[in-house]
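> This is the content of upload_20.cif (mmCIF, C-alpha atoms):
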```
data_coords
loop_
_atom_site.label_atom_id
_atom_site.label_comp_id
_atom_site.auth_asym_id
_atom_site.auth_seq_id
_atom_site.Cartn_x
_atom_site.Cartn_y
_atom_site.Cartn_z
CA MET A 659 0.00 0.00 0.00
CA GLY A 660 2.73 2.50 -0.85
CA ARG A 661 5.24 4.00 1.52
CA ARG A 662 4.37 5.33 4.91
CA PRO A 663 4.34 9.14 5.08
CA ARG A 664 7.73 10.34 6.22
CA GLU A 665 6.30 12.60 8.91
CA GLU A 666 4.69 9.63 10.64
CA THR A 667 7.91 7.68 11.12
CA PRO A 668 8.06 7.07 14.90
CA VAL A 669 11.66 8.16 15.53
CA TYR A 670 11.16 11.39 13.63
CA SER A 671 7.88 12.06 15.43
CA ARG A 672 9.37 11.57 18.89
CA LEU A 673 12.32 13.84 18.15
CA ALA A 674 10.09 16.47 16.61
CA GLU A 675 7.71 16.41 19.58
CA ALA A 676 10.52 16.70 22.11
CA ARG A 677 12.03 19.58 20.19
CA ALA A 678 8.67 21.33 19.89
CA GLU A 679 8.00 20.92 23.62
CA LEU A 680 11.37 22.40 24.54
CA ALA A 681 10.90 25.22 22.02
CA ASP A 682 7.52 26.07 23.53
CA ALA A 683 9.00 26.01 27.02
CA VAL A 684 11.69 28.56 26.18
CA GLY A 685 9.69 30.57 23.65
CA VAL A 686 11.61 29.97 20.42
CA HIS A 687 10.83 28.36 17.07
CA TYR A 688 11.24 24.57 17.03
CA GLN A 689 13.86 24.77 14.27
CA THR A 690 16.02 26.98 16.47
CA ILE A 691 16.37 24.10 18.95
CA GLY A 692 17.61 21.92 16.08
CA TYR A 693 20.20 24.49 15.03
CA ILE A 694 21.43 24.77 18.64
CA GLU A 695 21.65 20.96 18.92
CA ARG A 696 23.77 20.82 15.81
CA GLY A 697 26.01 23.66 16.96
CA GLU A 698 24.99 25.90 14.08
CA TYR A 699 23.54 28.57 16.30
CA ASN A 700 24.96 29.93 19.54
CA PRO A 701 22.10 31.09 21.73
CA SER A 702 22.16 34.28 23.77
CA LEU A 703 22.97 33.97 27.46
CA SER A 704 19.30 34.53 28.24
CA LEU A 705 18.17 31.69 25.98
CA ALA A 706 20.93 29.42 27.28
CA LEU A 707 19.75 30.04 30.84
CA HIS A 708 16.14 29.37 29.86
CA LEU A 709 17.16 26.14 28.14
CA ALA A 710 19.07 25.02 31.22
CA THR A 711 16.09 25.77 33.43
CA ALA A 712 13.68 23.95 31.11
CA LEU A 713 15.96 20.90 31.02
CA ASP A 714 16.68 21.07 34.74
CA ALA A 715 20.40 21.26 34.08
CA GLU A 716 23.29 23.66 34.50
CA VAL A 717 24.26 25.85 31.57
CA THR A 718 27.70 24.26 31.63
CA ASP A 719 26.07 20.84 31.21
CA LEU A 720 24.59 22.06 27.92
CA PHE A 721 27.20 24.42 26.52
CA SER A 722 30.95 24.39 26.58
CA THR A 723 33.81 26.00 24.73
CA LYS A 724 35.37 22.53 24.47
CA PRO A 725 33.74 19.70 22.52
CA PHE A 726 31.73 17.29 24.67
CA ARG A 727 32.77 13.66 24.88
CA ARG A 728 30.18 11.16 23.73
CA LYS A 729 28.60 8.90 26.35
CA GLY A 730 30.40 5.58 26.70
CA GLY A 731 33.85 7.03 26.08
CA GLY A 732 33.45 7.33 22.33
CA GLY A 733 34.86 10.10 20.18
CA GLU A 734 34.23 13.73 20.58
CA ARG A 735 31.42 15.54 18.87
CA MET B 1484 -15.52 38.68 6.48
CA SER B 1485 -11.87 38.44 5.58
CA THR B 1486 -9.23 40.35 7.51
CA ASP B 1487 -8.50 42.46 4.45
CA GLY B 1488 -12.18 43.32 4.17
CA LYS B 1489 -12.29 44.35 7.80
CA ARG B 1490 -9.22 46.52 7.40
CA ARG B 1491 -10.71 48.23 4.37
CA TRP B 1492 -13.95 48.81 6.24
CA THR B 1493 -12.32 50.33 9.31
CA PHE B 1494 -10.13 52.50 7.11
CA LEU B 1495 -13.17 53.79 5.21
CA TRP B 1496 -14.92 54.31 8.52
CA GLY B 1497 -11.98 56.46 9.60
CA LEU B 1498 -12.18 58.50 6.40
CA ARG B 1499 -15.90 58.96 6.84
CA GLY B 1500 -15.34 60.17 10.39
CA GLN B 1501 -12.86 62.72 9.13
CA ARG B 1502 -15.19 63.91 6.37
CA ILE B 1503 -18.03 64.63 8.78
CA GLY B 1504 -15.67 66.21 11.25
CA GLY B 1505 -15.90 63.43 13.80
CA ARG B 1506 -12.36 63.21 15.09
CA ASP B 1507 -13.25 60.49 17.54
CA ALA B 1508 -14.65 58.31 14.79
CA PHE B 1509 -11.51 58.84 12.71
CA GLY B 1510 -9.33 57.96 15.68
CA VAL B 1511 -11.34 54.84 16.41
CA GLY B 1512 -11.12 53.92 12.73
CA LEU B 1513 -7.33 54.20 12.77
CA VAL B 1514 -7.10 52.13 15.95
CA GLY B 1515 -9.35 49.54 14.31
CA ALA B 1516 -7.16 49.44 11.23
CA ALA B 1517 -4.06 49.00 13.40
CA LEU B 1518 -5.75 46.16 15.31
CA ASP B 1519 -6.70 44.48 12.03
CA GLU B 1520 -3.10 44.72 10.89
CA HIS B 1521 -2.03 43.12 14.15
CA VAL B 1522 -4.51 40.26 13.67
CA SER B 1523 -3.45 39.82 10.04
CA ALA B 1524 0.25 39.53 11.01
CA ALA B 1525 -0.64 37.09 13.79
CA ARG B 1526 -2.52 34.86 11.34
CA ALA B 1527 0.33 34.99 8.84
CA ALA B 1528 2.82 34.09 11.58
CA GLU B 1529 0.67 31.19 12.76
CA ARG B 1530 0.37 29.90 9.19
CA VAL B 1531 3.98 30.13 8.06
CA LEU B 1532 5.91 29.35 11.25
CA GLY B 1533 4.17 26.09 12.11
CA PRO B 1534 5.27 22.59 11.07
CA ALA B 1535 2.33 22.29 8.66
CA HIS B 1536 3.88 24.95 6.43
CA GLU B 1537 7.20 23.10 6.41
CA GLN B 1538 5.46 19.85 5.44
CA ARG B 1539 3.40 21.52 2.75
CA TRP B 1540 6.43 23.13 1.15
CA SER B 1541 8.90 20.39 2.10
CA TRP B 1542 10.17 20.12 -1.49
CA LEU B 1543 11.40 23.71 -1.20
CA MET B 1544 13.08 23.33 2.18
CA PRO B 1545 16.39 21.56 1.36
CA ARG B 1546 19.20 24.05 0.80
CA ARG B 1547 19.86 22.80 -2.72
CA ALA B 1548 16.23 23.38 -3.71
CA ARG B 1549 16.24 26.81 -2.08
CA ARG B 1550 19.35 27.85 -3.95
CA LEU B 1551 17.92 26.58 -7.23
CA LEU B 1552 14.80 28.61 -6.53
CA VAL B 1553 16.86 31.76 -5.97
CA VAL B 1554 18.72 31.18 -9.25
CA ALA B 1555 15.38 30.58 -10.99
CA MET B 1556 13.95 33.81 -9.59
CA VAL B 1557 16.94 35.83 -10.80
CA ALA B 1558 16.61 34.08 -14.17
CA THR B 1559 12.97 35.21 -14.39
CA TRP B 1560 14.16 38.79 -13.90
CA GLY B 1561 16.45 38.27 -16.88
CA LEU B 1562 13.48 36.88 -18.77
CA VAL B 1563 11.43 39.99 -17.95
CA VAL B 1564 14.24 42.28 -19.13
CA ALA B 1565 14.65 40.22 -22.33
CA ALA B 1566 10.90 40.39 -22.98
CA GLY B 1567 10.98 44.16 -22.37
CA LEU B 1568 13.79 44.72 -24.84
CA THR B 1569 12.33 42.54 -27.59
CA PRO B 1570 8.89 42.35 -29.23
CA ALA B 1571 8.09 39.28 -27.08
CA PRO B 1572 5.01 39.68 -24.84
CA LEU B 1573 5.71 40.74 -21.26
CA ALA B 1574 2.79 39.03 -19.55
CA PRO B 1575 4.18 35.45 -19.50
CA ALA B 1576 7.51 36.72 -18.13
CA PHE B 1577 5.62 38.63 -15.41
CA VAL B 1578 3.72 35.47 -14.50
CA PHE B 1579 6.91 33.40 -14.21
CA SER B 1580 8.60 36.13 -12.18
CA ALA B 1581 5.65 36.58 -9.81
CA GLY B 1582 5.40 32.79 -9.40
CA ALA B 1583 9.08 32.51 -8.48
CA SER B 1584 8.74 35.38 -6.00
CA PHE B 1585 5.72 33.68 -4.45
CA LEU B 1586 7.72 30.47 -3.96
CA VAL B 1587 10.63 32.41 -2.46
CA ARG B 1588 8.19 33.97 -0.02
CA GLN B 1589 6.85 30.54 0.99
CA ALA B 1590 10.29 28.96 1.31
CA SER B 1591 11.54 31.83 3.48
CA ARG B 1592 8.48 31.55 5.74
CA GLN B 1593 8.05 35.30 5.31
CA LEU B 1594 10.77 35.83 7.91
CA THR B 1595 11.73 39.04 6.15
CA ASP B 1596 8.18 40.39 6.44
CA LEU B 1597 6.94 39.36 9.87
CA PRO B 1598 7.21 41.77 12.82
CA ASP B 1599 9.85 41.01 15.46
CA ARG B 1600 7.29 39.91 18.01
CA TYR B 1601 6.62 36.72 16.03
CA LEU B 1602 10.28 35.79 15.57
CA ASP B 1603 12.83 34.38 17.98
CA GLU B 1604 16.37 35.66 18.45
CA ARG B 1605 17.88 33.38 15.77
CA GLN B 1606 15.25 34.31 13.22
CA ILE B 1607 15.69 38.02 13.92
CA GLY B 1608 19.45 37.58 13.60
CA ILE B 1609 19.35 35.84 10.22
CA ARG B 1610 16.70 38.26 8.98
CA ASN B 1611 18.89 41.23 9.91
CA GLU B 1612 21.96 39.66 8.29
CA SER B 1613 19.93 39.02 5.14
CA PHE B 1614 18.78 42.64 4.97
CA THR B 1615 22.36 43.84 5.49
CA ILE B 1616 23.71 41.71 2.63
CA ALA B 1617 20.75 42.59 0.37
CA TYR B 1618 21.40 46.26 1.08
CA LYS B 1619 25.03 45.90 0.04
CA VAL B 1620 24.06 44.06 -3.17
CA LEU B 1621 21.46 46.70 -4.04
CA ALA B 1622 23.87 49.51 -3.17
CA GLY B 1623 26.41 47.96 -5.53
CA ALA B 1624 23.83 47.67 -8.31
CA LEU B 1625 22.68 51.27 -7.79
CA ALA B 1626 26.30 52.46 -7.74
CA ILE B 1627 26.78 50.93 -11.20
CA VAL B 1628 23.64 52.67 -12.50
CA VAL B 1629 24.65 56.02 -10.96
CA ALA B 1630 28.23 55.70 -12.27
CA GLY B 1631 26.86 54.96 -15.75
CA THR B 1632 24.54 57.96 -15.59
CA VAL B 1633 27.31 60.29 -14.37
CA GLY B 1634 29.64 58.96 -17.06
CA TRP B 1635 27.00 59.54 -19.74
CA LEU B 1636 26.30 63.09 -18.49
CA SER B 1637 30.02 63.85 -18.41
CA ALA B 1638 30.43 62.59 -21.96
CA VAL B 1639 27.48 64.71 -23.15
CA ASP B 1640 28.93 67.75 -21.34
CA ALA B 1641 32.23 67.14 -23.09
CA GLY B 1642 30.42 67.48 -26.42
CA ARG B 1643 30.18 63.84 -27.39
CA GLU B 1644 26.88 62.85 -28.92
CA ILE B 1645 25.67 59.74 -27.15
CA ALA B 1646 22.00 59.05 -27.70
CA LEU B 1647 19.92 57.38 -25.01
CA PRO B 1648 18.72 53.94 -26.00
CA ASP B 1649 15.20 54.01 -27.37
CA LEU B 1650 13.33 52.52 -24.43
CA THR B 1651 9.83 51.35 -25.22
CA VAL B 1652 7.00 51.29 -22.69
CA ASP B 1653 7.56 47.54 -22.30
CA ALA B 1654 11.24 48.08 -21.54
CA ARG B 1655 10.41 50.70 -18.91
CA LEU B 1656 7.76 48.46 -17.37
CA ALA B 1657 10.24 45.58 -17.28
CA ALA B 1658 12.87 47.76 -15.57
CA LEU B 1659 10.34 48.93 -12.99
CA TRP B 1660 9.16 45.35 -12.41
CA VAL B 1661 12.68 44.01 -11.85
CA PHE B 1662 13.60 46.92 -9.58
CA LEU B 1663 10.49 46.62 -7.40
CA TRP B 1664 10.56 42.81 -7.14
CA GLY B 1665 14.31 42.93 -6.62
CA VAL B 1666 13.99 45.29 -3.69
CA GLN B 1667 11.11 43.24 -2.29
CA SER B 1668 12.55 39.75 -2.76
CA LEU B 1669 16.32 40.15 -2.37
CA PRO B 1670 16.43 39.88 1.46
CA ALA B 1671 14.36 36.67 1.32
CA ALA B 1672 16.58 35.35 -1.48
CA VAL B 1673 19.71 36.02 0.58
CA LEU B 1674 18.11 34.28 3.55
CA LEU B 1675 17.25 31.22 1.46
CA TRP B 1676 20.75 31.08 0.03
CA ARG B 1677 22.55 31.27 3.37
CA GLU B 1678 20.46 29.35 5.87
CA PRO B 1679 21.67 25.79 6.48
CA ASP B 1680 19.27 22.86 6.29
CA ALA B 1681 17.01 22.56 9.31
CA VAL B 1682 17.65 19.51 11.47
CA GLU B 1683 14.02 18.51 11.05
CA SER B 1684 14.29 18.44 7.28
CA GLN B 1685 17.31 16.13 7.43
CA GLU B 1686 15.71 13.84 10.00
CA ARG B 1687 12.57 13.64 7.93
CA ALA B 1688 14.63 12.75 4.88
CA ASP B 1689 16.62 10.18 6.89
CA ALA B 1690 13.43 8.69 8.31
CA GLY B 1691 11.95 8.32 4.84
CA ALA B 1692 15.13 6.97 3.28
#
```
Would you encode the structure as structure tokens?


Amino acid sequence: MGRRPREETPVYSRLAEARAELADAVGVHYQTIGYIERGEYNPSLSLALHLATALDAEVTDLFSTKPFRRKGGGGER
Amino acid sequence: MSTDGKRRWTFLWGLRGQRIGGRDAFGVGLVGAALDEHVSAARAAERVLGPAHEQRWSWLMPRRARRLLVVAMVATWGLVVAAGLTPAPLAPAFVFSAGASFLVRQASRQLTDLPDRYLDERQIGIRNESFTIAYKVLAGALAIVVAGTVGWLSAVDAGREIALPDLTVDARLAALWVFLWGVQSLPAAVLLWREPDAVESQERADAGA
């Protein structure tokens, strides 16, 4: 019966929902969260603080001047 | 009633108030028109910034497609100029050009048109950068036109006989069209050219692959 619509693929949906929830919580567009994730946009201090609050984390847990190490001792990202 | 209809009505109401000397009515009419504008922008923002817009125009969202669209739009300007300088009819070139500009507007999510209050800090940043670059491009283009005009005037002053090209009405219309659409669409075109692919677009493509 043809291919399933791309937007309904479960992994994509879960990621998109999580991103949209976080974006709503900090008051930015959902794509902006994606750009921050990928390191293509450096948020303002205010947005960084809001992100940390929304994720219940410290700003330094989310942002660093040095590349983070992957979980499990893998390479750096 | 559509928002446009409401805006027109409140504007006319304001004019009527002024005509009969009712300053209050005119003031209320202007406030109404401003409110309508606010509502109109809010609806546009809701329409173009949501995920539904991205899905509807998903074929325009990859960077490669966006850049091709920008090239196509500039090509339609060339088509308009060519149609203006030759006996070819202008109307089809206008239709192609307007169609390309419409697609550029959709692909850019109208980020260059929406008020700041509907945009986040990243969107405002890329919009401002796009306007800055578009300004420099337009300034360069205008500098060439002004330099050409000054050079022509200087040559005429020096006694050289240089006739102006015989510009027909079509050629003038074509020049006006390209100038107006260029000014209107260039910031959005710059934005489309520069913005990297959204993470969502890539994930959607990966999920469907």

> I'd like the residues picked by the PyMOL selection byres ((chain B and resi 1577) around 10) written out as an MDAnalysis selection string, using the chain letters and numbers from the file.

chainID B and resid 1559:1560 1562:1563 1566 1572:1576 1578:1583 1657 1660:1661

> Which is closest to chain B among A:Val686, A:Ala678, A:Leu720, A:Leu673, if we use all atoms listed in the file?

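Nearest candidate to chain B out of A:Val686, A:Ala678, A:Leu720, A:Leu673: A:Val686.
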
> Tell me which of A:Asp682, A:His687, A:Arg672, A:Ser704 sits closest to chain B, counting all atoms listed in the file.

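Result for the nearest residue to chain B: A:His687.
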
> Distance CA of Thr690 (chain A)-CA of Glu1604 (chain B), one decimal place?

8.9 Å

> Find, counting only C-alpha atoms, the residue in A:Glu675, A:Pro701, A:Ala683, A:Arg727 that gets nearest to chain B.

A:Pro701

> Find the residues near Ala1654 (chain B): any atom within 7 Å, counting all atoms listed in the file, skip ones fewer than 3 places away on the same chain, and give them as a list in words.

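Once the nearby chain positions are removed, what remains is Val1564, Gly1567, Leu1568, Leu1650, Thr1651, Ala1657 and Ala1658 of chain B.
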
> Counting all atoms listed in the file, which residues come within 12 Å of (9.1, 29.4, 17.6), with the point read in the file's coordinates, and could you list them as a ChimeraX atom specification?

/A:677-692 /B:1528-1529,1531-1534,1594,1599-1607

> Between CA of Asn1611 (chain B) and CA of Ser1591 (chain B), what distance in Å does the model show, to one decimal?

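Computing it gives 13.6 Å between the two atoms.
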
> Please indicate the distance in Å from CA of Trp1540 (chain B) to CA of Arg1588 (chain B), rounded to one decimal place.

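Straight-line distance from CA of Trp1540 (chain B) to CA of Arg1588 (chain B) works out to 11.0 Å.
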
> Of the residues B:Ala1590, B:Leu1675, B:Ala1548, B:Ile1609, which is the one nearest to chain A, using only C-alpha atoms?

B:Ile1609

> Using all atoms listed in the file, find the one residue out of B:Val1652, B:Gln1538, B:Ile1627, B:Ala1565 that sits nearest to chain A.

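Closest residue, counting all atoms listed in the file: B:Gln1538.
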
> So what does the PyMOL selection byres ((chain B and resi 1547) around 12) actually pick up in this one, as an mmCIF file with C-alpha atoms, keeping the file's coordinate frame?


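out-v1.cif written:
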```cif
data_model
loop_
_atom_site.group_PDB
_atom_site.id
_atom_site.type_symbol
_atom_site.label_atom_id
_atom_site.label_comp_id
_atom_site.auth_asym_id
_atom_site.auth_seq_id
_atom_site.Cartn_x
_atom_site.Cartn_y
_atom_site.Cartn_z
ATOM 1 C CA TRP B 1542 10.170 20.120 -1.490
ATOM 2 C CA LEU B 1543 11.400 23.710 -1.200
ATOM 3 C CA MET B 1544 13.080 23.330 2.180
ATOM 4 C CA PRO B 1545 16.390 21.560 1.360
ATOM 5 C CA ARG B 1546 19.200 24.050 0.800
ATOM 6 C CA ALA B 1548 16.230 23.380 -3.710
ATOM 7 C CA ARG B 1549 16.240 26.810 -2.080
ATOM 8 C CA ARG B 1550 19.350 27.850 -3.950
ATOM 9 C CA LEU B 1551 17.920 26.580 -7.230
ATOM 10 C CA LEU B 1552 14.800 28.610 -6.530
ATOM 11 C CA VAL B 1553 16.860 31.760 -5.970
ATOM 12 C CA VAL B 1554 18.720 31.180 -9.250
ATOM 13 C CA LEU B 1675 17.250 31.220 1.460
ATOM 14 C CA TRP B 1676 20.750 31.080 0.030
ATOM 15 C CA ARG B 1677 22.550 31.270 3.370
ATOM 16 C CA GLU B 1678 20.460 29.350 5.870
ATOM 17 C CA PRO B 1679 21.670 25.790 6.480
ATOM 18 C CA ASP B 1680 19.270 22.860 6.290
#
```

> With all atoms listed in the file as the atoms that count, which of A:His708, A:Val717, A:Ala676, A:Tyr699 lies nearest to chain B?

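For chain B, the nearest of the candidates is A:Tyr699.
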
> Using all atoms of region 1597-1615 of chain B that appear in the file, construct an axis-aligned enclosing box with 6 Å of padding on every side and provide its centre coordinates and edge lengths in Å, rounded to one decimal, as lines of an AutoDock Vina configuration file.


```
center_x = 14.5
center_y = 38.6
center_z = 11.7
size_x = 27.7
size_y = 22.5
size_z = 25.5
```
